[in-house]
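> One structure follows; several queries about it will come next.
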Amino acid sequence: MTQDLSQALQMVSRSHAGMVRTHNEDAVFTRVDVGLAVLADGMGGYNAGEVASGMATAVIGAELEQGLLEGKRNVSEMLETVIGNANNAIYQAAESQPQYSGMGTTLVMGVFRDNHISVAHIGDSRMYRLRGGVFEAVTRDHSLLQEQIDSGMITEEDARRSQNKNLVTRALGVDPVVEPEIHTYETAPGDLYLFCSDGLNDMVENEDIALTLQALSANLDLAAEQLVQMANDNGGRDNVSVILVKVLQPFPATERGWLARLLGWLK
Amino acid sequence: MAKLILSMDGLVLKELPLLKERTTIGRKPHNDIQIDNLAISGEHAVIVTILNDSFLEDMNSTNGTYVNGQPIKKHFLQNNDVVELGKYRLKYINETPTQSQAPDFEKTMVLRPDMMRKAPADAPAASPARPQTDTQTGFRPGQSLPAGSSMGGSGLPPPPQPLAPSAPPPVAASANQLGAIQILNGANAGRELELTKTLTTLGKPGLQVAVITRRPQGYFITHVEGSNLPIVNGKQLDAQAHPLEDHDVIEIAGVKMEFFIKR
């Protein structure tokens, strides 16, 4: 058994089709008790994008929940396995059913455990962190633009004017094998994590996202609502999804009691 | 497809589509765009095109390269930029589609190495089928981006080369209307606060906080935290956003203030 994180974390999510699109191809999944947040932005013709993102959140959500409840220890390993399985499921569906051919999805997800967050991402969905007044992107997009920024070819400012938006260099379900990027970071009480699809960060300036999180951190529902509303007020040209996770208190692994921690600290 | 329109003294000489990854401009005959004029250096400038973006770079030319009247070393070309080389002008055209076409063009797509390898000359109009054995997930730093790269792939929507738009930068909400609040009682009575930001919080954290959001359709007040809800014109609000009218009186944590439209 694993501990229940409902007291240590607060999670809210919103997903909206936006003002222009008829379909919402984003999908979100949260389970606060096991400390799990998953967001996917699907792509592909007709409704295939929705199928891909829906499959991603369903497969990853269910399998990871299972693994976490069984008390599996190695989160990174678990992430690689379940993301691989989701990739397989989407890829097989795309290969076997013509209407799903070529579908795929981005992915950004976090697993909160033992005062740490493990973040996995593929494509251009992002995770940001607000800590002590500092708002920053934790993930780096797997996109043509990010590679151009990294190589010094264009500046971040230029990137906002680029015609090459929306070109991801990695996606879930488009190839037999996918390489997720996985990192683990320490968390601190008061941290606020934002997972979002590009429908948010393409439409709303970072400054306004940061301002919203800072001003409304006491009311996460309202903050999530406000982020979606700002994207839509600015044109809402894409689906927009957000998951907000606030760390209310430390959540050390239960196996380590206060005595073990004290001893560990004295060593 | 982006293109250049070459002109001199207002006379259009040529239309030049940017088909290659590197398009060289200069006086010598080996250049892609040869301009036989002494004011132009042998190798004057180069335009690097990656999918829908083009970058202009001056190759240390004697007389320099100008864009919209400004000398440049390196420049990210935007639609309607005018490049000046001596007496010659090159207008850069890279039109974005109209709003109604935009949604489909803007959809996220996967960029694959095999797509990038297709030269424009032999890139068929329809997306090429992807070999089943291809296991690469994307191009990596170090891999070059060949000429006039195309994209698309097994079953993906057709490539949007000619006219993929970029989303317009977010616009400031209700740019033409500016609201403000003036405090009516307490130690700060008379103080005025302009509501220039997209959101402004009022009250005391931990006790009672409300937020005023600035939107295209006007200003709204919403309860954020605390057991007491904001009062507007003597009436207590519910949890929903409430539109603010000129001269509304707001009460939060015992402080009264008036909302008004400055312009």
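Residue names in the structure tokens use chain letters A, B, ... in the order shown, residue numbers from 1 in each chain, and ligand numbers from 1 in the order shown.
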Using only C-alpha atoms, find each residue in chain A having at least one atom no more than 6 Å away from chain B; report its shortest atom-to-atom pair and that distance in Å (one decimal), rows by chain then rising number, as JSON lines.


```
{"residue": "A:Gly44", "atom": "CA", "partner": "B:Leu156", "partner_atom": "CA", "distance": 5.9}
{"residue": "A:Ser101", "atom": "CA", "partner": "B:Gly155", "partner_atom": "CA", "distance": 5.3}
{"residue": "A:Gly102", "atom": "CA", "partner": "B:Gly155", "partner_atom": "CA", "distance": 4.8}
{"residue": "A:Gln163", "atom": "CA", "partner": "B:Ser166", "partner_atom": "CA", "distance": 5.0}
{"residue": "A:Asn164", "atom": "CA", "partner": "B:Asn52", "partner_atom": "CA", "distance": 5.8}
{"residue": "A:Asn166", "atom": "CA", "partner": "B:Thr108", "partner_atom": "CA", "distance": 4.3}
{"residue": "A:Leu167", "atom": "CA", "partner": "B:Met109", "partner_atom": "CA", "distance": 5.2}
{"residue": "A:Val168", "atom": "CA", "partner": "B:Val110", "partner_atom": "CA", "distance": 4.9}
{"residue": "A:Thr169", "atom": "CA", "partner": "B:Gly138", "partner_atom": "CA", "distance": 4.5}
{"residue": "A:Arg170", "atom": "CA", "partner": "B:Thr137", "partner_atom": "CA", "distance": 5.5}
{"residue": "A:Asp175", "atom": "CA", "partner": "B:Thr135", "partner_atom": "CA", "distance": 6.0}
{"residue": "A:Met203", "atom": "CA", "partner": "B:Pro170", "partner_atom": "CA", "distance": 5.5}
{"residue": "A:Val204", "atom": "CA", "partner": "B:Pro170", "partner_atom": "CA", "distance": 5.9}
{"residue": "A:Asn219", "atom": "CA", "partner": "B:Val224", "partner_atom": "CA", "distance": 5.7}
{"residue": "A:Asn234", "atom": "CA", "partner": "B:Pro170", "partner_atom": "CA", "distance": 5.4}
```

> Convert the current residue selection to file output with N, CA, C and O atoms, as a tab-separated table (two decimals), in the first residue's frame.


```
chain	number	residue	atom	x	y	z
A	44	GLY	N	-3.83	14.50	-35.29
A	44	GLY	CA	-4.24	13.50	-36.28
A	44	GLY	C	-5.58	13.89	-36.85
A	44	GLY	O	-6.33	14.65	-36.22
A	101	SER	N	-4.90	6.27	-38.66
A	101	SER	CA	-3.56	6.28	-39.21
A	101	SER	C	-2.85	7.61	-38.96
A	101	SER	O	-3.42	8.66	-39.24
A	102	GLY	N	-1.66	7.54	-38.43
A	102	GLY	CA	-0.87	8.74	-38.23
A	102	GLY	C	-1.19	9.52	-36.98
A	102	GLY	O	-0.60	10.57	-36.72
A	163	GLN	N	6.82	31.04	-38.11
A	163	GLN	CA	5.77	30.35	-38.85
A	163	GLN	C	5.86	28.85	-38.62
A	163	GLN	O	5.04	28.09	-39.11
A	164	ASN	N	6.89	28.43	-37.92
A	164	ASN	CA	7.10	27.00	-37.72
A	164	ASN	C	6.63	26.52	-36.36
A	164	ASN	O	7.23	25.68	-35.74
A	166	ASN	N	4.09	24.62	-33.77
A	166	ASN	CA	3.33	23.36	-33.85
A	166	ASN	C	4.06	22.23	-34.54
A	166	ASN	O	3.44	21.31	-35.04
A	167	LEU	N	5.37	22.31	-34.62
A	167	LEU	CA	6.10	21.19	-35.19
A	167	LEU	C	6.87	20.51	-34.08
A	167	LEU	O	7.87	21.02	-33.61
A	168	VAL	N	6.38	19.36	-33.65
A	168	VAL	CA	7.06	18.66	-32.57
A	168	VAL	C	8.01	17.63	-33.16
A	168	VAL	O	7.77	17.09	-34.24
A	169	THR	N	9.11	17.40	-32.46
A	169	THR	CA	10.10	16.45	-32.96
A	169	THR	C	9.96	15.09	-32.28
A	169	THR	O	10.65	14.14	-32.65
A	170	ARG	N	9.11	15.01	-31.28
A	170	ARG	CA	8.81	13.72	-30.66
A	170	ARG	C	7.32	13.70	-30.37
A	170	ARG	O	6.74	14.73	-30.02
A	175	ASP	N	5.61	6.21	-33.67
A	175	ASP	CA	6.66	5.27	-34.04
A	175	ASP	C	6.59	4.08	-33.08
A	175	ASP	O	6.04	4.21	-31.99
A	203	MET	N	-1.01	31.33	-26.42
A	203	MET	CA	-1.99	32.42	-26.41
A	203	MET	C	-1.77	33.42	-25.28
A	203	MET	O	-2.24	34.54	-25.34
A	204	VAL	N	-1.12	32.99	-24.20
A	204	VAL	CA	-0.97	33.85	-23.02
A	204	VAL	C	0.51	34.02	-22.71
A	204	VAL	O	1.26	33.05	-22.69
A	219	ASN	N	-6.80	30.06	-4.50
A	219	ASN	CA	-8.03	29.48	-5.05
A	219	ASN	C	-7.69	28.84	-6.39
A	219	ASN	O	-7.80	29.45	-7.44
A	234	ASN	N	-7.84	35.84	-25.54
A	234	ASN	CA	-6.82	36.25	-26.51
A	234	ASN	C	-7.01	35.60	-27.88
A	234	ASN	O	-6.15	35.68	-28.73
```

> Can you list, as a list in words, every protein, DNA or RNA residue that comes within 8 Å of Arg27 (chain B) when you count only C-alpha atoms, leaving out same-chain residues fewer than 5 positions away?

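Here the qualifying residues turn out to be Gln34, Ile35, Asp36, Asn37, Leu38, Ile40, Ser41, Gly42, Glu43 and His44 of chain B.
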
> When you look at region 66-76 of chain A with a cut-off of 10 Å (counting only C-alpha atoms), what residues show up, excluding the ones that are within fewer than 3 positions of it in the same chain? I need them as a ChimeraX atom specification.

/A:1-4,33-36,60-63,79-82,111-113,117-120,181-184

> Put those residues in a file: N, CA, C and O atoms, as a short mmCIF file (atom, residue, chain, number, x, y, z; two decimals), in the first residue's frame.


```cif
data_model
loop_
_atom_site.label_atom_id
_atom_site.label_comp_id
_atom_site.auth_asym_id
_atom_site.auth_seq_id
_atom_site.Cartn_x
_atom_site.Cartn_y
_atom_site.Cartn_z
N MET A 1 0.85 -1.20 0.00
CA MET A 1 0.00 0.00 0.00
C MET A 1 0.88 1.25 0.00
O MET A 1 1.98 1.26 0.50
N THR A 2 0.32 2.25 -0.53
CA THR A 2 1.06 3.50 -0.55
C THR A 2 0.23 4.55 0.21
O THR A 2 -0.94 4.32 0.52
N GLN A 3 0.85 5.65 0.49
CA GLN A 3 0.13 6.65 1.29
C GLN A 3 -0.86 7.44 0.44
O GLN A 3 -0.73 7.52 -0.78
N ASP A 4 -1.80 8.03 1.11
CA ASP A 4 -2.79 8.88 0.45
C ASP A 4 -2.28 10.32 0.48
O ASP A 4 -2.00 10.86 1.56
N ASP A 33 -4.91 11.37 -4.80
CA ASP A 33 -4.51 10.46 -3.71
C ASP A 33 -3.21 9.70 -4.01
O ASP A 33 -2.41 9.46 -3.11
N VAL A 34 -2.99 9.35 -5.29
CA VAL A 34 -1.73 8.69 -5.63
C VAL A 34 -0.70 9.68 -6.17
O VAL A 34 0.42 9.31 -6.51
N GLY A 35 -1.09 10.96 -6.26
CA GLY A 35 -0.15 11.99 -6.69
C GLY A 35 0.19 11.91 -8.16
O GLY A 35 1.35 11.94 -8.56
N LEU A 36 -0.83 11.83 -9.00
CA LEU A 36 -0.61 11.62 -10.42
C LEU A 36 -1.38 12.64 -11.26
O LEU A 36 -2.57 12.86 -11.05
N ILE A 60 -1.90 5.33 -19.37
CA ILE A 60 -0.90 5.76 -18.39
C ILE A 60 -1.53 5.92 -17.02
O ILE A 60 -0.98 5.47 -16.01
N GLY A 61 -2.71 6.53 -16.99
CA GLY A 61 -3.40 6.74 -15.71
C GLY A 61 -3.66 5.43 -15.01
O GLY A 61 -3.29 5.25 -13.83
N ALA A 62 -4.26 4.47 -15.72
CA ALA A 62 -4.65 3.21 -15.09
C ALA A 62 -3.43 2.40 -14.66
O ALA A 62 -3.36 1.91 -13.53
N GLU A 63 -2.45 2.28 -15.55
CA GLU A 63 -1.30 1.43 -15.24
C GLU A 63 -0.43 2.01 -14.13
O GLU A 63 0.08 1.30 -13.28
N LEU A 79 7.55 4.87 -15.08
CA LEU A 79 7.14 5.83 -16.10
C LEU A 79 7.54 5.33 -17.49
O LEU A 79 6.74 5.36 -18.42
N GLU A 80 8.78 4.88 -17.61
CA GLU A 80 9.23 4.40 -18.92
C GLU A 80 8.38 3.25 -19.42
O GLU A 80 8.01 3.20 -20.58
N THR A 81 8.04 2.36 -18.49
CA THR A 81 7.24 1.19 -18.88
C THR A 81 5.85 1.60 -19.33
O THR A 81 5.40 1.21 -20.42
N VAL A 82 5.16 2.40 -18.52
CA VAL A 82 3.78 2.73 -18.87
C VAL A 82 3.70 3.63 -20.10
O VAL A 82 2.79 3.52 -20.92
N VAL A 111 4.52 12.63 -11.36
CA VAL A 111 4.20 11.70 -10.27
C VAL A 111 4.84 12.29 -9.02
O VAL A 111 6.04 12.52 -8.97
N PHE A 112 3.97 12.56 -8.02
CA PHE A 112 4.45 13.14 -6.77
C PHE A 112 4.67 12.01 -5.77
O PHE A 112 3.76 11.21 -5.51
N ARG A 113 5.89 11.93 -5.24
CA ARG A 113 6.22 10.86 -4.33
C ARG A 113 7.40 11.22 -3.47
O ARG A 113 8.39 11.75 -3.95
N ILE A 117 9.01 15.20 -7.30
CA ILE A 117 8.13 15.04 -8.46
C ILE A 117 8.97 14.48 -9.60
O ILE A 117 10.08 14.95 -9.86
N SER A 118 8.45 13.44 -10.23
CA SER A 118 9.08 12.92 -11.45
C SER A 118 8.24 13.40 -12.62
O SER A 118 7.04 13.16 -12.67
N VAL A 119 8.89 14.09 -13.53
CA VAL A 119 8.20 14.68 -14.67
C VAL A 119 8.63 13.96 -15.94
O VAL A 119 9.82 13.80 -16.17
N ALA A 120 7.66 13.52 -16.73
CA ALA A 120 7.97 12.94 -18.02
C ALA A 120 7.28 13.77 -19.08
O ALA A 120 6.15 14.22 -18.88
N GLU A 181 11.30 12.04 -22.01
CA GLU A 181 12.32 12.71 -21.20
C GLU A 181 11.80 12.69 -19.77
O GLU A 181 10.69 13.15 -19.51
N ILE A 182 12.59 12.15 -18.86
CA ILE A 182 12.13 12.00 -17.48
C ILE A 182 13.15 12.62 -16.53
O ILE A 182 14.35 12.36 -16.64
N HIS A 183 12.65 13.46 -15.65
CA HIS A 183 13.52 14.07 -14.63
C HIS A 183 12.82 14.05 -13.29
O HIS A 183 11.59 14.09 -13.24
N THR A 184 13.60 14.02 -12.22
CA THR A 184 13.01 14.04 -10.88
C THR A 184 13.55 15.25 -10.13
O THR A 184 14.75 15.54 -10.20
#
```

> Give me the residues near region 126-142 of chain A as a PDB file with C-alpha atoms, in the first residue's frame, where near means some atom within 8 Å (using only C-alpha atoms) and where sequence neighbours in that chain fewer than 5 positions away do not count.


```pdb
ATOM      1  CA  VAL A 108       3.404  15.875 -19.969  1.00  0.00           C
ATOM      2  CA  HIS A 121       7.269  14.717 -21.263  1.00  0.00           C
ATOM      3  CA  GLU A 147      15.971  23.257 -31.234  1.00  0.00           C
ATOM      4  CA  VAL A 168       7.057  18.656 -32.566  1.00  0.00           C
ATOM      5  CA  THR A 169      10.099  16.450 -32.957  1.00  0.00           C
ATOM      6  CA  ARG A 170       8.809  13.721 -30.660  1.00  0.00           C
ATOM      7  CA  GLY A 190       4.105  26.084  -1.317  1.00  0.00           C
ATOM      8  CA  ASP A 191       5.259  24.913  -4.777  1.00  0.00           C
ATOM      9  CA  LEU A 192       2.681  25.349  -7.492  1.00  0.00           C
ATOM     10  CA  TYR A 193       3.018  23.216 -10.632  1.00  0.00           C
ATOM     11  CA  LEU A 194       1.291  23.983 -13.908  1.00  0.00           C
ATOM     12  CA  PHE A 195       0.927  21.367 -16.635  1.00  0.00           C
ATOM     13  CA  CYS A 196      -0.475  22.799 -19.856  1.00  0.00           C
ATOM     14  CA  SER A 197      -1.019  22.209 -23.543  1.00  0.00           C
ATOM     15  CA  ASP A 198       0.420  24.703 -26.050  1.00  0.00           C
ATOM     16  CA  ALA A 210       2.829  33.904 -13.598  1.00  0.00           C
ATOM     17  CA  LEU A 213      -0.729  31.828 -10.407  1.00  0.00           C
ATOM     18  CA  GLN A 214       0.723  34.254  -7.901  1.00  0.00           C
TER      19      GLN A 214
END
```

> Quick check for you: according to DSSP on this backbone, which residues of region 25-243 of chain A are classed as strand (DSSP E)? Reply as a PyMOL selection string.

chain A and resi 26-31+36-43+104-105+107-113+116-122+126-131+134-137+167-168+181-186+192-196+240-243
